[in-house]
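Next up, my_file37.cif (mmCIF, C-alpha atoms):
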data_model
loop_
_atom_site.label_atom_id
_atom_site.label_comp_id
_atom_site.auth_asym_id
_atom_site.auth_seq_id
_atom_site.Cartn_x
_atom_site.Cartn_y
_atom_site.Cartn_z
CA MET A 1150 80.71 138.74 167.57
CA PHE A 1151 79.24 136.88 170.55
CA ILE A 1152 77.16 134.57 168.42
CA SER A 1153 80.28 133.20 166.74
CA LYS A 1154 81.41 131.86 170.12
CA VAL A 1155 78.55 129.39 170.31
CA ILE A 1156 79.03 127.86 166.86
CA GLY A 1157 78.88 124.08 167.16
CA SER A 1158 76.80 124.19 170.32
CA PRO A 1159 73.27 122.75 170.46
CA THR A 1160 71.93 126.29 170.82
CA PHE A 1161 73.57 127.35 167.57
CA GLN A 1162 72.44 124.24 165.71
CA ASN A 1163 68.88 124.81 166.89
CA LEU A 1164 69.08 128.43 165.75
CA ILE A 1165 70.26 127.43 162.28
CA ALA A 1166 67.53 124.80 162.05
CA ASP A 1167 64.91 127.42 162.92
CA ILE A 1168 66.29 129.83 160.33
CA GLU A 1169 66.31 127.09 157.67
CA GLU A 1170 62.65 126.36 158.39
CA GLU A 1171 61.65 129.98 157.98
CA THR A 1172 63.98 131.16 155.21
CA GLY A 1173 66.01 129.95 152.26
CA GLY A 1174 67.94 130.97 149.18
CA PHE A 1175 70.62 133.63 149.23
CA PHE A 1176 69.23 135.14 152.44
CA LEU A 1177 69.89 131.89 154.32
CA GLU A 1178 73.30 131.51 152.67
CA MET A 1179 74.35 134.98 153.80
CA VAL A 1180 72.98 134.56 157.34
CA VAL A 1181 74.94 131.33 157.82
CA ALA A 1182 78.07 133.01 156.43
CA LEU A 1183 77.67 135.94 158.83
CA PHE A 1184 77.51 133.54 161.77
CA LYS A 1185 80.88 132.04 160.96
CA PRO A 1186 84.14 133.59 162.25
CA ALA A 1187 86.13 135.07 159.37
CA HIS A 1188 88.89 132.44 159.40
CA VAL A 1189 86.35 129.60 159.53
CA LEU A 1190 84.47 131.01 156.53
CA ASP A 1191 87.73 131.55 154.62
CA THR A 1192 88.76 127.97 155.37
CA LEU A 1193 85.48 126.59 154.03
CA GLN A 1194 85.64 128.79 150.91
CA LEU A 1195 89.23 127.71 150.33
CA TYR A 1196 88.37 124.04 150.73
CA LYS A 1197 85.59 124.24 148.18
CA SER A 1198 87.76 126.22 145.78
CA ILE A 1199 90.67 123.80 145.69
CA SER A 1200 88.74 120.56 146.09
CA ASN A 1201 86.26 120.35 143.25
CA ARG A 1202 87.40 119.96 139.66
CA TYR A 1203 84.66 122.45 138.74
CA GLY A 1204 85.50 124.76 141.65
CA ASP A 1205 86.37 128.41 141.23
CA HIS A 1206 90.11 128.38 141.86
CA SER A 1207 90.15 132.17 141.64
CA VAL A 1208 88.65 132.21 145.16
CA ALA A 1209 91.71 130.35 146.47
CA VAL A 1210 93.98 132.82 144.68
CA GLU A 1211 91.98 135.73 146.11
CA ILE A 1212 92.38 134.40 149.65
CA ALA A 1213 96.09 133.79 149.12
CA CYS A 1214 96.62 137.34 147.84
CA THR A 1215 94.32 139.35 150.13
CA ARG A 1216 94.92 137.79 153.54
CA SER A 1217 97.92 138.72 155.66
CA ALA A 1218 100.63 136.23 156.60
CA ARG A 1219 99.08 135.95 160.07
CA GLN A 1220 95.59 135.38 158.70
CA LEU A 1221 96.86 132.65 156.37
CA LYS A 1222 98.59 130.96 159.30
CA VAL A 1223 95.29 130.86 161.20
CA ILE A 1224 93.49 129.55 158.09
CA ARG A 1225 96.06 126.75 157.69
CA GLU A 1226 95.59 125.76 161.33
CA GLN A 1227 91.81 125.80 160.95
CA TYR A 1228 92.07 123.75 157.76
CA GLN A 1229 94.00 121.02 159.51
CA GLN A 1230 91.56 121.06 162.42
CA ASP A 1231 88.49 120.85 160.17
CA PHE A 1232 89.73 118.42 157.51
CA LYS A 1233 92.36 116.40 159.42
CA LYS A 1234 95.13 117.10 156.92
CA THR A 1235 97.43 119.97 156.14
CA LEU A 1236 96.43 122.47 153.48
CA GLU A 1237 99.72 121.95 151.63
CA LYS A 1238 99.26 118.19 151.49
CA ASP A 1239 95.64 118.53 150.42
CA ILE A 1240 96.43 120.88 147.53
CA ASN A 1241 99.03 118.48 146.19
CA VAL A 1242 96.94 115.30 146.37
CA LYS A 1243 96.68 113.72 142.94
CA VAL A 1244 93.79 111.41 142.21
CA ARG A 1245 93.92 109.26 139.10
CA GLY A 1246 92.04 106.55 137.31
CA GLU A 1247 89.13 104.66 138.79
CA ILE A 1248 89.90 105.92 142.28
CA LYS A 1249 88.15 109.16 141.28
CA ASP A 1250 84.83 107.32 141.19
CA GLN A 1251 85.26 105.98 144.71
CA ILE A 1252 85.75 109.27 146.52
CA SER A 1253 83.65 112.30 147.27
CA ARG A 1254 83.45 115.12 144.75
CA TYR A 1255 85.55 117.32 147.06
CA ASN A 1256 88.64 115.10 146.85
CA LEU A 1257 89.95 116.21 143.45
CA LYS A 1258 92.76 118.60 144.27
CA VAL A 1259 94.63 121.21 142.26
CA GLU A 1260 97.39 119.70 140.16
CA GLY A 1261 100.23 120.81 137.91
CA ILE A 1262 102.23 124.03 137.91
CA PHE A 1263 99.19 126.03 139.00
CA GLY A 1264 98.72 123.76 142.02
CA ARG A 1265 102.36 124.10 143.04
CA MET A 1266 102.23 127.88 142.73
CA LEU A 1267 98.98 128.05 144.69
CA SER A 1268 100.46 125.84 147.39
CA LEU A 1269 103.42 128.21 147.74
CA LEU A 1270 101.17 131.28 147.98
CA LEU A 1271 98.98 129.73 150.65
CA CYS A 1272 101.49 127.72 152.66
CA LYS A 1273 104.94 129.27 152.39
CA PRO A 1274 105.72 131.77 155.19
CA ARG A 1275 105.85 135.32 153.84
CA GLU A 1276 107.61 138.34 155.29
CA GLU A 1277 105.26 140.72 157.07
CA ASP A 1278 105.07 144.29 155.84
CA GLY A 1279 106.78 146.93 157.89
CA LYS A 1280 110.45 146.47 157.10
CA ARG A 1281 112.26 149.06 155.02
CA LEU A 1282 112.44 147.97 151.39
CA ASP A 1283 115.82 146.86 150.05
CA ASP A 1284 116.21 148.97 146.89
CA ASP A 1285 119.04 146.82 145.56
CA LEU A 1286 116.95 143.66 145.92
CA VAL A 1287 113.97 145.40 144.28
CA ASN A 1288 116.19 146.21 141.28
CA ARG A 1289 117.60 142.67 141.13
CA HIS A 1290 114.15 141.12 141.24
CA ALA A 1291 112.81 143.55 138.63
CA ASN A 1292 115.62 142.64 136.24
CA LEU A 1293 115.18 138.95 137.03
CA LEU A 1294 111.49 139.28 136.19
CA LEU A 1295 112.26 141.02 132.90
CA SER A 1296 114.84 138.39 131.95
CA GLN A 1297 112.05 135.78 131.74
CA THR A 1298 109.62 135.37 128.90
CA VAL A 1299 105.99 135.23 129.98
CA ASP A 1300 105.84 131.51 129.19
CA ASP A 1301 109.06 130.85 131.13
CA LEU A 1302 107.67 132.76 134.11
CA SER A 1303 104.53 130.63 134.08
CA ARG A 1304 106.63 127.45 134.36
CA ASN A 1305 109.54 128.50 136.57
CA ILE A 1306 108.62 127.65 140.16
CA VAL A 1307 111.96 128.89 141.54
CA ILE A 1308 111.59 132.37 140.01
CA PHE A 1309 107.93 132.50 141.01
CA GLU A 1310 108.83 131.72 144.62
CA GLN A 1311 111.68 134.24 144.72
CA ILE A 1312 109.63 137.14 143.37
CA PHE A 1313 106.03 136.47 144.42
CA VAL A 1314 106.10 134.26 147.51
CA ILE A 1315 108.83 134.90 150.04
CA LYS A 1316 108.98 138.69 150.16
CA CYS A 1317 106.32 141.02 151.53
CA TRP A 1318 103.60 142.51 149.31
CA ARG A 1319 105.12 145.98 149.39
CA HIS A 1320 108.31 144.50 147.94
CA ILE A 1321 106.35 142.78 145.15
CA ALA A 1322 104.55 146.02 144.30
CA ALA A 1323 107.90 147.86 144.18
CA VAL A 1324 109.40 145.17 141.91
CA LEU A 1325 106.50 145.39 139.46
CA ASN A 1326 106.59 149.19 139.43
CA ARG A 1327 110.35 149.12 138.85
CA ALA A 1328 110.00 146.56 136.05
CA ASP A 1329 107.46 148.76 134.29
CA GLU A 1330 109.79 151.78 134.70
CA ILE A 1331 112.65 149.84 133.10
CA ARG A 1332 110.41 148.81 130.19
CA GLY A 1333 109.59 152.45 129.60
CA ASP A 1334 107.14 153.03 126.75
CA ARG A 1335 106.74 149.34 126.02
CA ARG A 1336 103.70 147.41 127.25
CA ASP A 1337 103.55 146.86 131.00
CA ILE A 1338 103.65 143.38 132.52
CA GLU A 1339 99.90 143.25 133.11
CA THR A 1340 99.16 143.97 129.44
CA ILE A 1341 101.65 141.33 128.29
CA LEU A 1342 100.01 138.71 130.50
CA ARG A 1343 96.50 139.62 129.35
CA LYS A 1344 97.47 139.26 125.69
CA ASN A 1345 99.24 135.93 126.17
CA LYS A 1346 97.20 133.06 124.69
CA THR A 1347 99.56 130.11 125.24
CA MET A 1348 99.79 130.07 129.03
CA HIS A 1349 97.47 127.84 131.07
CA SER A 1350 94.40 129.96 131.82
CA GLU A 1351 94.51 129.48 135.60
CA THR A 1352 98.23 130.24 135.77
CA ARG A 1353 97.63 133.43 133.78
CA LEU A 1354 94.80 134.32 136.18
CA MET A 1355 97.10 133.80 139.15
CA LEU A 1356 99.89 135.93 137.68
CA LEU A 1357 97.41 138.65 136.71
CA THR A 1358 96.06 138.63 140.24
CA LEU A 1359 99.60 139.08 141.50
CA VAL A 1360 100.61 141.85 139.11
CA THR A 1361 97.36 143.80 138.82
CA PRO A 1362 97.75 146.97 140.90
CA SER A 1363 94.32 146.70 142.49
CA ILE A 1364 95.28 143.44 144.23
CA ILE A 1365 98.95 144.04 144.88
CA VAL A 1366 97.96 146.95 146.96
CA HIS A 1367 96.44 144.60 149.50
CA VAL A 1368 99.53 145.57 151.20
CA ALA A 1369 100.54 148.84 149.82
CA ARG A 1370 97.75 150.99 148.52
CA ASN A 1371 94.29 149.92 147.46
CA SER A 1372 92.83 146.46 147.95
CA GLN A 1373 89.45 148.17 148.35
CA LEU A 1374 89.43 148.91 144.61
CA TYR A 1375 89.99 145.23 143.87
CA PHE A 1376 86.94 144.25 145.93
CA ALA A 1377 84.87 147.08 144.43
CA GLU A 1378 85.67 145.67 141.00
CA LYS A 1379 84.79 142.14 142.14
CA LEU A 1380 81.38 143.36 143.30
CA ARG A 1381 80.78 145.31 140.10
CA ASN A 1382 81.66 142.31 137.93
CA ALA A 1383 79.42 140.08 140.05
CA MET A 1384 76.45 142.36 139.36
CA CYS A 1385 77.08 143.20 135.70
CA GLY A 1386 77.31 139.82 134.02
CA ASP A 1387 74.56 138.03 132.13
CA LYS A 1388 73.71 136.34 135.42
CA SER A 1389 74.34 137.90 138.83
CA ASP A 1390 77.05 136.12 140.82
CA HIS A 1391 75.47 136.06 144.27
CA PRO A 1392 78.06 133.75 145.91
CA THR A 1393 80.72 136.36 145.10
CA ILE A 1394 78.53 139.20 146.40
CA ILE A 1395 77.97 137.32 149.65
CA ARG A 1396 81.61 136.27 150.02
CA VAL A 1397 83.06 139.74 149.47
CA ILE A 1398 80.55 141.61 151.63
CA VAL A 1399 80.66 139.14 154.52
CA THR A 1400 84.45 138.72 154.59
CA ARG A 1401 85.14 142.47 154.35
CA SER A 1402 82.23 143.60 156.57
CA GLU A 1403 84.36 144.10 159.68
CA ILE A 1404 87.54 145.10 157.86
CA ASP A 1405 87.13 147.75 155.16
CA MET A 1406 83.57 147.67 153.82
CA ALA A 1407 83.11 151.43 154.20
CA ASP A 1408 86.27 152.03 152.17
CA ILE A 1409 85.09 149.60 149.48
CA VAL A 1410 81.81 151.54 149.25
CA GLU A 1411 83.79 154.76 148.72
CA GLU A 1412 86.05 153.17 146.09
CA TYR A 1413 83.02 151.79 144.28
CA LYS A 1414 81.46 155.24 144.04
CA ARG A 1415 84.73 156.84 142.95
CA ARG A 1416 85.39 154.17 140.31
CA TYR A 1417 81.90 153.84 138.83
CA GLN A 1418 80.25 157.17 139.69
CA ARG A 1419 77.30 155.37 141.30
CA SER A 1420 76.58 153.99 144.74
CA LEU A 1421 77.12 150.37 145.67
CA GLU A 1422 73.86 150.46 147.62
CA PHE A 1423 71.92 151.42 144.48
CA ASP A 1424 73.44 148.63 142.39
CA ILE A 1425 72.81 146.10 145.17
CA SER A 1426 69.16 147.19 145.30
CA GLN A 1427 68.91 146.60 141.53
CA THR A 1428 70.52 143.15 141.78
CA CYS A 1429 69.13 141.66 144.99
CA SER A 1430 65.57 141.57 146.31
CA GLY A 1431 63.44 141.10 149.40
CA ASP A 1432 64.92 140.24 152.79
CA TYR A 1433 68.16 139.20 151.12
CA CYS A 1434 68.56 142.70 149.67
CA ARG A 1435 67.78 144.34 153.00
CA LEU A 1436 70.31 142.12 154.75
CA VAL A 1437 73.06 142.94 152.24
CA LEU A 1438 72.33 146.67 152.57
CA SER A 1439 72.37 146.44 156.36
CA VAL A 1440 75.86 144.92 156.26
CA ILE A 1441 77.12 147.49 153.76
CA ASN A 1442 75.65 150.36 155.77
CA PRO A 1443 74.49 149.29 159.25
CA THR A 1444 72.62 152.60 159.73
CA SER A 1445 70.24 152.13 156.82
CA GLY A 1446 69.54 148.45 156.13
CA MET A 1447 66.99 146.19 157.72
CA HIS A 1448 64.45 148.73 158.92
CA ASP A 1449 63.72 150.09 155.42
#
Will you turn the file into C-alpha cells for me?
Amino acid sequence: MFISKVIGSPTFQNLIADIEEETGGFFLEMVVALFKPAHVLDTLQLYKSISNRYGDHSVAVEIACTRSARQLKVIREQYQQDFKKTLEKDINVKVRGEIKDQISRYNLKVEGIFGRMLSLLLCKPREEDGKRLDDDLVNRHANLLLSQTVDDLSRNIVIFEQIFVIKCWRHIAAVLNRADEIRGDRRDIETILRKNKTMHSETRLMLLTLVTPSIIVHVARNSQLYFAEKLRNAMCGDKSDHPTIIRVIVTRSEIDMADIVEEYKRRYQRSLEFDISQTCSGDYCRLVLSVINPTSGMHD
C-alpha cells in the first residue's frame, strides 16, 4: 500500500499522532498494525515474542512455521536493521544474575533446547518448495523419526535439524504422513506428543506446531485451517484474545484472508464475520469486518 511507503516520515508520524488523539484501544492497535508493511510487523511481533520472559513464544513459532524461506530472510534482514543485531545472536543471548535488573524488559532471550530449536527454524536456510520429493529420503527420515522416543526427539538437536529444519515443508509433511502409515493402527505422532507430560511445555508446543496437519500444510495443503482455528480459539476463551485476532487478520489480509473465512465456515458451520461481531464492538469491530470482507465493513 502507498501509505506504507511513508512510514518514518514526518507526515506519517503526524498522522499517527492525530489518530492517537482521536482513538484508542484495539482500534488504534489495529490501525497502526495495518500501516506497517508485513515484514516490519512480523519483525516487531517476533522481537516481542522472543524477548520478554513473559512473552508468547508461540507467536515466534507461528512465524517460523507459516512464513516462506524468502519471507524469513527478509524478516531477518529487517530485524538486524531495526535492532542492530542478528536474529540468531539475539535469540541465543543469555542473561544471568544481577545483570537482568540493569537491562530493559525486552532483553531476556529464549534459552535452552527450545531456544536452539527456535533459532534453527527462524535462521537456518530451508529448501524452497517446488522440487520433486525424494521418496527414499522421506522413508529414511520417517524411520529415523520413529526410532526416537518422544523425549529423545525433544532433546536431539541434530535429529530435529535433519527432519524439521533443512528440508522443505512438503518433505516434512510427507515424512509425518509416512511415519503414521508405518505405525498403522497405533497412535499417530500428534497424539503421542499431546499425551506426553514430561517434555518441556514450549518444546512440546513447537513439535506439535510442526507435526499438526493444519500448520504443516503451510506448504502443502491447508494453512488457512490453522489460522481459522487460531481465530476461533482467540474468540472462545474465557477472555477474548484481541492481540491474536489483530495479528492474524492483519498479517493474512493481503494473502489468504478470503480462504481463511471459507475454512472457518466449513470447520465451524458459522461465519467468521458473525463471531467477530459477537466478540468485537464499535469502530474496532467495523474495522475488523472491513478487512475480512472489504465490500461490507466500514459503511455499516
Original post:
What separation in Å, quoted to one decimal, exists between CA of Gln1220 in chain A and CA of Asn1241 in chain A?
Top reply: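 We find that CA of Gln1220 in chain A and CA of Asn1241 in chain A lie 21.3 Å from each other.
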**OP:** For the file shown, report as a ChimeraX atom specification the outcome of the PyMOL selection byres ((chain A and resi 1435-1439) around 10) at residue level.
**Re:** /A:1176,1179-1180,1394-1395,1398-1399,1421-1423,1425-1426,1429-1434,1440-1449
**OP:** Could you list the residues chosen by the PyMOL selection byres ((chain A and resi 1317) around 6) in this structure as a PyMOL selection string?
**Re:** chain A and resi 1276-1278+1316+1318-1320
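Straight-line separation from CA of Asp1191 in chain A to CA of Glu1169 in chain A: 22.1 Å.
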Go ahead and fit an axis-aligned box to every listed atom of range 1276-1295 of chain A plus 8 Å each side, and pass me the centre and edge lengths in Å, one decimal, as AutoDock Vina command-line options.
--center_x 112.1 --center_y 143.7 --center_z 145.4 --size_x 30.0 --size_y 26.7 --size_z 41.0
Original post:
the PyMOL selection byres ((chain A and resi 1373) around 7) on the file shown: which residues, as a ChimeraX atom specification?
Top reply: /A:1371-1372,1374-1377,1408-1409,1412
**OP:** For Leu1293 in chain A, please output as a PyMOL selection string all residues within 12 Å (counting only C-alpha atoms; exclusion window: fewer than 3 positions along the same chain).
**Re:** chain A and resi 1286-1290+1296-1298+1301-1302+1305+1307-1309+1311-1312+1324-1325+1327-1328+1331
**OP:** Work out how far apart CA of Gln1229 in chain A and CA of Val1189 in chain A are and give it in Å to one decimal.
**Re:** 11.5 Å
Original post:
So which one's closest to Phe1175 in chain A, A:Asp1300, A:Ser1389, A:Lys1222, A:Gly1261? Using only C-alpha atoms, please.
Top reply: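 Going through A:Asp1300, A:Ser1389, A:Lys1222, A:Gly1261 one by one, the smallest distance to Phe1175 in chain A is for A:Ser1389.
Residue nearest His1188 in chain A within the list A:Leu1271, A:Tyr1413, A:His1391, A:Arg1216: A:Arg1216 [criterion: smallest interatomic distance, all atoms listed in the file].
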**OP:** Could you check which of A:Ser1268, A:Asp1387, A:Ala1322, A:Thr1352 is closest to Ser1303 in chain A, using all atoms listed in the file?
**Re:**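 Once distances to Ser1303 in chain A are computed over all atoms listed in the file, the minimum belongs to A:Thr1352.
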Subject >> For Lys1197 in chain A, the nearest of the candidates A:Ala1209, A:Cys1272, A:Gly1333, A:Ala1407, counting only C-alpha atoms >> reply: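 For Lys1197 in chain A, the nearest of the given residues is A:Ala1209.
The closest residue to Phe1263 in chain A, picked from A:Ser1207, A:Gln1427, A:Thr1192, A:Asn1292 and counting all atoms listed in the file, is A:Ser1207.
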Original post:
Given the choices A:Leu1295, A:Met1266, A:Ile1165, A:Val1181, which gets closest to Val1210 in chain A if the distance is worked out from only C-alpha atoms?
Top reply: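 Under the stated criterion, the closest residue is A:Met1266.
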For range 1374-1388 of chain A, where the input has fewer atoms than it should, I would like N, CA and C atoms rebuilt and written as a tab-separated table (two decimals), in the coordinates of the input.
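Generated output (selection.tsv):
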chain	number	residue	atom	x	y	z
A	1374	LEU	N	89.81	148.81	146.02
A	1374	LEU	CA	89.43	148.91	144.61
A	1374	LEU	C	89.25	147.53	144.01
A	1375	TYR	N	90.12	146.60	144.37
A	1375	TYR	CA	89.99	145.23	143.87
A	1375	TYR	C	88.62	144.66	144.23
A	1376	PHE	N	88.22	144.82	145.49
A	1376	PHE	CA	86.94	144.25	145.93
A	1376	PHE	C	85.76	145.03	145.33
A	1377	ALA	N	85.92	146.32	145.12
A	1377	ALA	CA	84.87	147.08	144.43
A	1377	ALA	C	84.67	146.54	143.02
A	1378	GLU	N	85.77	146.22	142.34
A	1378	GLU	CA	85.67	145.67	141.00
A	1378	GLU	C	85.06	144.27	141.01
A	1379	LYS	N	85.38	143.46	142.02
A	1379	LYS	CA	84.79	142.14	142.14
A	1379	LYS	C	83.27	142.25	142.27
A	1380	LEU	N	82.81	143.19	143.11
A	1380	LEU	CA	81.38	143.36	143.30
A	1380	LEU	C	80.70	143.84	142.02
A	1381	ARG	N	81.35	144.79	141.35
A	1381	ARG	CA	80.78	145.31	140.10
A	1381	ARG	C	80.65	144.20	139.06
A	1382	ASN	N	81.69	143.40	138.90
A	1382	ASN	CA	81.66	142.31	137.93
A	1382	ASN	C	80.59	141.27	138.29
A	1383	ALA	N	80.41	141.06	139.60
A	1383	ALA	CA	79.42	140.08	140.05
A	1383	ALA	C	78.00	140.53	139.73
A	1384	MET	N	77.80	141.84	139.61
A	1384	MET	CA	76.45	142.36	139.36
A	1384	MET	C	76.19	142.70	137.90
A	1385	CYS	N	77.23	142.69	137.07
A	1385	CYS	CA	77.08	143.20	135.70
A	1385	CYS	C	77.12	142.12	134.63
A	1386	GLY	N	77.28	140.88	135.02
A	1386	GLY	CA	77.31	139.82	134.02
A	1386	GLY	C	75.91	139.46	133.53
A	1387	ASP	N	75.85	138.49	132.63
A	1387	ASP	CA	74.56	138.03	132.13
A	1387	ASP	C	73.71	137.48	133.27
A	1388	LYS	N	74.39	136.88	134.25
A	1388	LYS	CA	73.71	136.34	135.42
A	1388	LYS	C	74.44	136.81	136.67
